[in-house]
Amino acid sequence: MAVVAVDPGMIGKRSGLSKDKIIDMLTRMGAPTEEKEGQLVVEVTPNRPDLFSTEGILRALSCYNGGTAPTHKVKKADYRMSIGKGVEAIRPFVRCGVVKGLKIDGETIQNLMQMQEKLHDTVGRRRKKVAIGIHDLKEIKFPLEYVVGTDETFVPLDCDEEMGMDDVLDEHPKGVAYSALARHGKVVIKDRDGIISFPPIINSERTRVTEKTKDVLLDVTGSSKEAVEGVLNIIAASFADAGGTLYSVEMGGKDYPDMEWKKMKYDEAETNRVLGLELGKKEIKAALEKMGYGFRDGYVFVPPYRMDIISFIDIIEDVAIGHGYEKFTPELPQLPTIGALADAGEGIHAAMCGMGFLEAKNYVLTNERMLEGTKDKGRVRIANSTSEEFGLVRTSLIPGLLSTCQTNKTKGLPQKFYELGGVWNGREARRLGFVLIGNRANFSVAQSVLQTLAKELWMKPELKAVPDERFIPGRCYSVSAGGRELGLIGEIAPQVLEKHGLEYPLVACELEL
């Protein structure tokens with residue numbers, strides 16, 4: 001959930017709506033809004049990134065209040081960018097656009113920075129998937145190039161001296177924050193005078209946007225073609241709604257931004273089936289136009305800045321919002337089943353917490369090193385694992401609990417941890433494991449915990465000495481009940497403790513439920 005702050009006075013003046021009406025309408029659209037410290041705080045879900053700007057919010061309010069969604073024309077221009085070899089292996093996609101005739105003041109810059117930040121953090125996955133650059137057009141000498149970076153230097157934003165790209169990653173605050181995104185390879189955007197952007201890290205100081213800027217270049221780079229083009233359309237639409245005129249940049253034989261509306265066939269029967277309603281074409285048209293779509297001749301027309309619309313089910317959701325959830329009549333589902341409480345182990349959790357244990361949640365996937373010494377009936381390997389650390393499905397809970405103790409060994413003693421989770425041991429099984437570490441941790445202490453659990457599980461445990469290399473010889477016992485072997489309990493061997501960096505006695509138990 002992204003939080004966008006806007007000035008209620010400015011929004012009210014430009015929309016012609018009262019503050020209470022604005023709050024109500026945005027909340028009905030699925031963007032809960034409230035007033036805090038003189039600002040309207042709008043909670044925008046990641047599926048509506050077009051609402052990250054003031055212009056996007058105004059556009060949505062206008063449509064919801066009976067207005068028509070604007071179309072954004074892109075004028076043909078002679079701006080060009082070439083794409084060099086090798087960028088496809090580093091940051092493969094780039095799209096640009098030009099906006100002219102802007103009136104930029106301090107409030108506009110603040111709004112731009114907020115929109116850019118929200119897009120970076122949500123759609124952009126903190127710049128890994130998408131990064132945005134905004135430049136003063138008058139400082140740029142076309143044509144542009146998007147190429148693999150070498151050892152060139154430039155003056156990065158907020159600096160007054162030239163720096164190499166490696167220096168930027170090591171010394172500049174933005175470089176340090178996002179250096180992991182550029183260590184495997186660097187790309188740059190250049191004009192005839194040199195580097196204007198080092199995506200996804202930072203722009204050049206030369207093309208900084210100020211209150212004197214009238215025309216801007218937009219650049220969006222990333223790893224997803226759809227996300228890059230969608231983000232460019234969102235920014236371009238916001239600038240156009242703020243009074244700018246859009247101009248194209250030719251890249252690879254095609255002009256961008258592409259502000260054409262997407263056409264989708266409308267399925268009235270499917271909409272009514274999913275929503276449980278009986279909406280006619282007139283009602284559907286009203287709901288869709290309220291949400292900023294076009295609708296005619298059996299087709300829905302999706303604005304270019306609605307990058308969240310992937311399939312028809314997304315259209316159905318907006319029909320429901322436009323129609324109004326408050327108009328739905330609650331009904332009990334027609335299901336031929338009777339509900340029952342699932343066994344989530346509440347009694348076991350209550351018993352363990354009552355004895356002072358903390359619950360641990362470890363990864364189900366593990367590795368050979370962690371499972372060393374465990375007895376199992378066949379391990380399941382991950383065929384396409386990207387890491388040696390997570391190449392196997394765990395066959396025991398004890399290794400993970402020992403690692404939990406290792407992680408917390410500086411937190412004081414004694415420590416008690418338990419875990420209730422799944423393992424694979426020839427078949428999928430649900431197990432309970434617990435460990436105690438401290439000066440007084442011994443078999444008697446572990447046995448008293450087991451006896452308390454036995455009362456909770458309504459069982460009479462039987463113990464039998466068994467050998468297991470993870471435990472001290474003579475201090476390891478199998479646990480059985482009703483003639484069925486459930487698991488092990490005992491004192492962990494010194495060599496196992498040493499392997500995990502543990503220096504105090506530790507007892508462990510693992511039971512199949």
# chains A, B, ... in the order shown; residues from 1 in each chain; ligands from 1
call {"tool": "residues_around", "arguments": {"residues": "A:Glu368", "least_positions_apart": "2", "cutoff": "9 Å", "atoms": "only C-alpha atoms", "output": "PDB file with N, CA and C atoms, in the first residue's frame"}}
result
ATOM      1  N   THR A 366      16.095 -26.680   2.497  1.00  0.00           N
ATOM      2  CA  THR A 366      17.365 -26.673   3.212  1.00  0.00           C
ATOM      3  C   THR A 366      18.460 -27.229   2.309  1.00  0.00           C
ATOM      4  N   MET A 370      22.996 -28.937   6.308  1.00  0.00           N
ATOM      5  CA  MET A 370      22.075 -28.836   7.433  1.00  0.00           C
ATOM      6  C   MET A 370      21.518 -30.192   7.839  1.00  0.00           C
ATOM      7  N   LEU A 371      21.325 -31.092   6.857  1.00  0.00           N
ATOM      8  CA  LEU A 371      20.719 -32.387   7.142  1.00  0.00           C
ATOM      9  C   LEU A 371      21.743 -33.462   7.502  1.00  0.00           C
ATOM     10  N   GLU A 372      23.007 -33.091   7.578  1.00  0.00           N
ATOM     11  CA  GLU A 372      24.064 -34.047   7.875  1.00  0.00           C
ATOM     12  C   GLU A 372      23.794 -34.767   9.204  1.00  0.00           C
ATOM     13  N   GLU A 388      22.388 -23.244  -3.712  1.00  0.00           N
ATOM     14  CA  GLU A 388      22.778 -24.466  -3.028  1.00  0.00           C
ATOM     15  C   GLU A 388      22.233 -24.514  -1.607  1.00  0.00           C
ATOM     16  N   GLU A 389      21.912 -23.369  -1.047  1.00  0.00           N
ATOM     17  CA  GLU A 389      21.390 -23.313   0.316  1.00  0.00           C
ATOM     18  C   GLU A 389      19.982 -23.875   0.416  1.00  0.00           C
ATOM     19  N   GLY A 391      18.341 -26.443  -1.753  1.00  0.00           N
ATOM     20  CA  GLY A 391      18.230 -27.455  -2.793  1.00  0.00           C
ATOM     21  C   GLY A 391      17.479 -28.708  -2.394  1.00  0.00           C
ATOM     22  N   LEU A 392      17.115 -28.839  -1.098  1.00  0.00           N
ATOM     23  CA  LEU A 392      16.433 -30.030  -0.591  1.00  0.00           C
ATOM     24  C   LEU A 392      15.232 -29.632   0.254  1.00  0.00           C
TER      25      LEU A 392
END
call {"tool": "select_by_dssp", "arguments": {"residues": "stretch 88-193 of chain A", "states": "alpha helix (DSSP H)", "output": "list in words"}}
result
Gly106, Glu107, Thr108, Ile109, Gln110, Asn111, Leu112, Met113, Gln114, Met115, Gln116, Glu117, Lys118, Leu119, His120, Asp121, Met165, Asp166, Asp167, Val168, Leu169, Asp170, Glu171, Pro173, Lys174, Gly175, Val176, Ala177 and Tyr178 of chain A
call {"tool": "select_by_dssp", "arguments": {"residues": "stretch 384-435 of chain A", "states": "strand (DSSP E)", "output": "list in words"}}
result
Leu392, Val393, Gln415, Lys416, Phe417, Tyr418, Glu419, Leu420, Gly421, Gly422, Val423, Trp424, Glu428, Ala429, Arg430, Arg431, Leu432, Gly433, Phe434 and Val435 of chain A
call {"tool": "write_last_selection", "arguments": {"atoms": "C-alpha atoms", "output": "mmCIF file, in the first residue's frame"}}
result
data_model
loop_
_atom_site.group_PDB
_atom_site.id
_atom_site.type_symbol
_atom_site.label_atom_id
_atom_site.label_comp_id
_atom_site.auth_asym_id
_atom_site.auth_seq_id
_atom_site.Cartn_x
_atom_site.Cartn_y
_atom_site.Cartn_z
ATOM 1 C CA LEU A 392 16.433 -30.030 -0.591
ATOM 2 C CA VAL A 393 13.135 -30.374 1.240
ATOM 3 C CA GLN A 415 16.392 -20.338 25.622
ATOM 4 C CA LYS A 416 13.399 -22.409 24.532
ATOM 5 C CA PHE A 417 12.163 -22.710 20.941
ATOM 6 C CA TYR A 418 9.568 -24.880 19.232
ATOM 7 C CA GLU A 419 8.318 -25.336 15.687
ATOM 8 C CA LEU A 420 5.194 -26.935 14.254
ATOM 9 C CA GLY A 421 5.634 -27.629 10.562
ATOM 10 C CA GLY A 422 5.951 -30.000 7.647
ATOM 11 C CA VAL A 423 8.817 -32.283 6.642
ATOM 12 C CA TRP A 424 9.371 -34.925 3.961
ATOM 13 C CA GLU A 428 4.801 -35.509 3.780
ATOM 14 C CA ALA A 429 4.409 -35.346 7.561
ATOM 15 C CA ARG A 430 3.490 -32.743 10.181
ATOM 16 C CA ARG A 431 5.845 -32.608 13.139
ATOM 17 C CA LEU A 432 6.458 -30.784 16.388
ATOM 18 C CA GLY A 433 10.026 -30.068 17.441
ATOM 19 C CA PHE A 434 11.397 -28.275 20.481
ATOM 20 C CA VAL A 435 14.825 -27.437 21.895
#
call {"tool": "decode", "arguments": {"residues": "stretch 67-140 of chain A", "atoms": "C-alpha atoms", "output": "PDB file, in the first residue's frame"}}
result
ATOM      1  CA  GLY A  67     -16.671  13.549 -16.478  1.00  0.00           C
ATOM      2  CA  THR A  68     -14.913  11.945 -19.445  1.00  0.00           C
ATOM      3  CA  ALA A  69     -11.410  10.531 -19.324  1.00  0.00           C
ATOM      4  CA  PRO A  70      -9.015  12.680 -21.391  1.00  0.00           C
ATOM      5  CA  THR A  71      -7.175  11.422 -24.434  1.00  0.00           C
ATOM      6  CA  HIS A  72      -3.533  12.372 -24.805  1.00  0.00           C
ATOM      7  CA  LYS A  73      -2.210  13.161 -28.255  1.00  0.00           C
ATOM      8  CA  VAL A  74       1.489  12.728 -29.004  1.00  0.00           C
ATOM      9  CA  LYS A  75       2.964  15.077 -31.588  1.00  0.00           C
ATOM     10  CA  LYS A  76       5.510  13.673 -34.025  1.00  0.00           C
ATOM     11  CA  ALA A  77       8.989  15.083 -33.412  1.00  0.00           C
ATOM     12  CA  ASP A  78      12.533  14.596 -34.668  1.00  0.00           C
ATOM     13  CA  TYR A  79      13.931  13.262 -31.372  1.00  0.00           C
ATOM     14  CA  ARG A  80      15.761   9.931 -31.619  1.00  0.00           C
ATOM     15  CA  MET A  81      17.510   7.404 -29.420  1.00  0.00           C
ATOM     16  CA  SER A  82      19.641   4.487 -30.583  1.00  0.00           C
ATOM     17  CA  ILE A  83      20.095   1.336 -28.504  1.00  0.00           C
ATOM     18  CA  GLY A  84      23.566  -0.191 -28.358  1.00  0.00           C
ATOM     19  CA  LYS A  85      24.635  -3.816 -28.190  1.00  0.00           C
ATOM     20  CA  GLY A  86      24.997  -5.534 -24.846  1.00  0.00           C
ATOM     21  CA  VAL A  87      22.342  -3.624 -22.902  1.00  0.00           C
ATOM     22  CA  GLU A  88      19.908  -6.542 -23.281  1.00  0.00           C
ATOM     23  CA  ALA A  89      22.010  -8.566 -20.830  1.00  0.00           C
ATOM     24  CA  ILE A  90      22.072  -5.774 -18.220  1.00  0.00           C
ATOM     25  CA  ARG A  91      18.948  -3.602 -18.339  1.00  0.00           C
ATOM     26  CA  PRO A  92      17.239  -4.483 -21.601  1.00  0.00           C
ATOM     27  CA  PHE A  93      14.388  -1.983 -21.988  1.00  0.00           C
ATOM     28  CA  VAL A  94      14.289   1.796 -22.309  1.00  0.00           C
ATOM     29  CA  ARG A  95      11.497   4.131 -23.412  1.00  0.00           C
ATOM     30  CA  CYS A  96      11.514   7.929 -23.671  1.00  0.00           C
ATOM     31  CA  GLY A  97       9.161  10.825 -24.288  1.00  0.00           C
ATOM     32  CA  VAL A  98       9.259  14.616 -24.373  1.00  0.00           C
ATOM     33  CA  VAL A  99       6.872  17.075 -22.697  1.00  0.00           C
ATOM     34  CA  LYS A 100       6.861  20.789 -23.519  1.00  0.00           C
ATOM     35  CA  GLY A 101       5.140  23.871 -22.188  1.00  0.00           C
ATOM     36  CA  LEU A 102       5.159  23.026 -18.495  1.00  0.00           C
ATOM     37  CA  LYS A 103       4.834  25.522 -15.662  1.00  0.00           C
ATOM     38  CA  ILE A 104       7.017  24.088 -12.922  1.00  0.00           C
ATOM     39  CA  ASP A 105       7.044  25.522  -9.420  1.00  0.00           C
ATOM     40  CA  GLY A 106       8.030  24.163  -6.028  1.00  0.00           C
ATOM     41  CA  GLU A 107       4.721  22.353  -5.604  1.00  0.00           C
ATOM     42  CA  THR A 108       5.033  20.740  -9.028  1.00  0.00           C
ATOM     43  CA  ILE A 109       8.549  19.497  -8.248  1.00  0.00           C
ATOM     44  CA  GLN A 110       7.352  18.060  -4.935  1.00  0.00           C
ATOM     45  CA  ASN A 111       4.482  16.293  -6.705  1.00  0.00           C
ATOM     46  CA  LEU A 112       6.880  14.909  -9.338  1.00  0.00           C
ATOM     47  CA  MET A 113       9.259  13.608  -6.691  1.00  0.00           C
ATOM     48  CA  GLN A 114       6.396  11.910  -4.824  1.00  0.00           C
ATOM     49  CA  MET A 115       5.084  10.231  -7.987  1.00  0.00           C
ATOM     50  CA  GLN A 116       8.583   9.113  -8.982  1.00  0.00           C
ATOM     51  CA  GLU A 117       9.286   7.727  -5.499  1.00  0.00           C
ATOM     52  CA  LYS A 118       5.999   5.788  -5.324  1.00  0.00           C
ATOM     53  CA  LEU A 119       6.470   4.316  -8.803  1.00  0.00           C
ATOM     54  CA  HIS A 120      10.044   3.309  -7.937  1.00  0.00           C
ATOM     55  CA  ASP A 121       9.021   1.592  -4.706  1.00  0.00           C
ATOM     56  CA  THR A 122       5.943  -0.269  -6.037  1.00  0.00           C
ATOM     57  CA  VAL A 123       5.891  -1.026  -9.763  1.00  0.00           C
ATOM     58  CA  GLY A 124       9.651  -0.499  -9.953  1.00  0.00           C
ATOM     59  CA  ARG A 125      10.487  -2.913  -7.099  1.00  0.00           C
ATOM     60  CA  ARG A 126      12.855  -0.319  -5.632  1.00  0.00           C
ATOM     61  CA  ARG A 127      14.284   0.492  -9.095  1.00  0.00           C
ATOM     62  CA  LYS A 128      15.193  -3.102  -9.918  1.00  0.00           C
ATOM     63  CA  LYS A 129      12.286  -3.576 -12.327  1.00  0.00           C
ATOM     64  CA  VAL A 130      11.748   0.056 -13.377  1.00  0.00           C
ATOM     65  CA  ALA A 131      13.641   3.325 -12.865  1.00  0.00           C
ATOM     66  CA  ILE A 132      12.626   6.817 -13.977  1.00  0.00           C
ATOM     67  CA  GLY A 133      14.635   9.833 -15.089  1.00  0.00           C
ATOM     68  CA  ILE A 134      13.311  13.366 -15.696  1.00  0.00           C
ATOM     69  CA  HIS A 135      15.600  15.882 -17.409  1.00  0.00           C
ATOM     70  CA  ASP A 136      15.622  19.529 -18.499  1.00  0.00           C
ATOM     71  CA  LEU A 137      15.221  19.215 -22.279  1.00  0.00           C
ATOM     72  CA  LYS A 138      17.058  22.437 -23.155  1.00  0.00           C
ATOM     73  CA  GLU A 139      20.308  20.987 -21.766  1.00  0.00           C
ATOM     74  CA  ILE A 140      20.164  17.906 -24.017  1.00  0.00           C
TER      75      ILE A 140
END
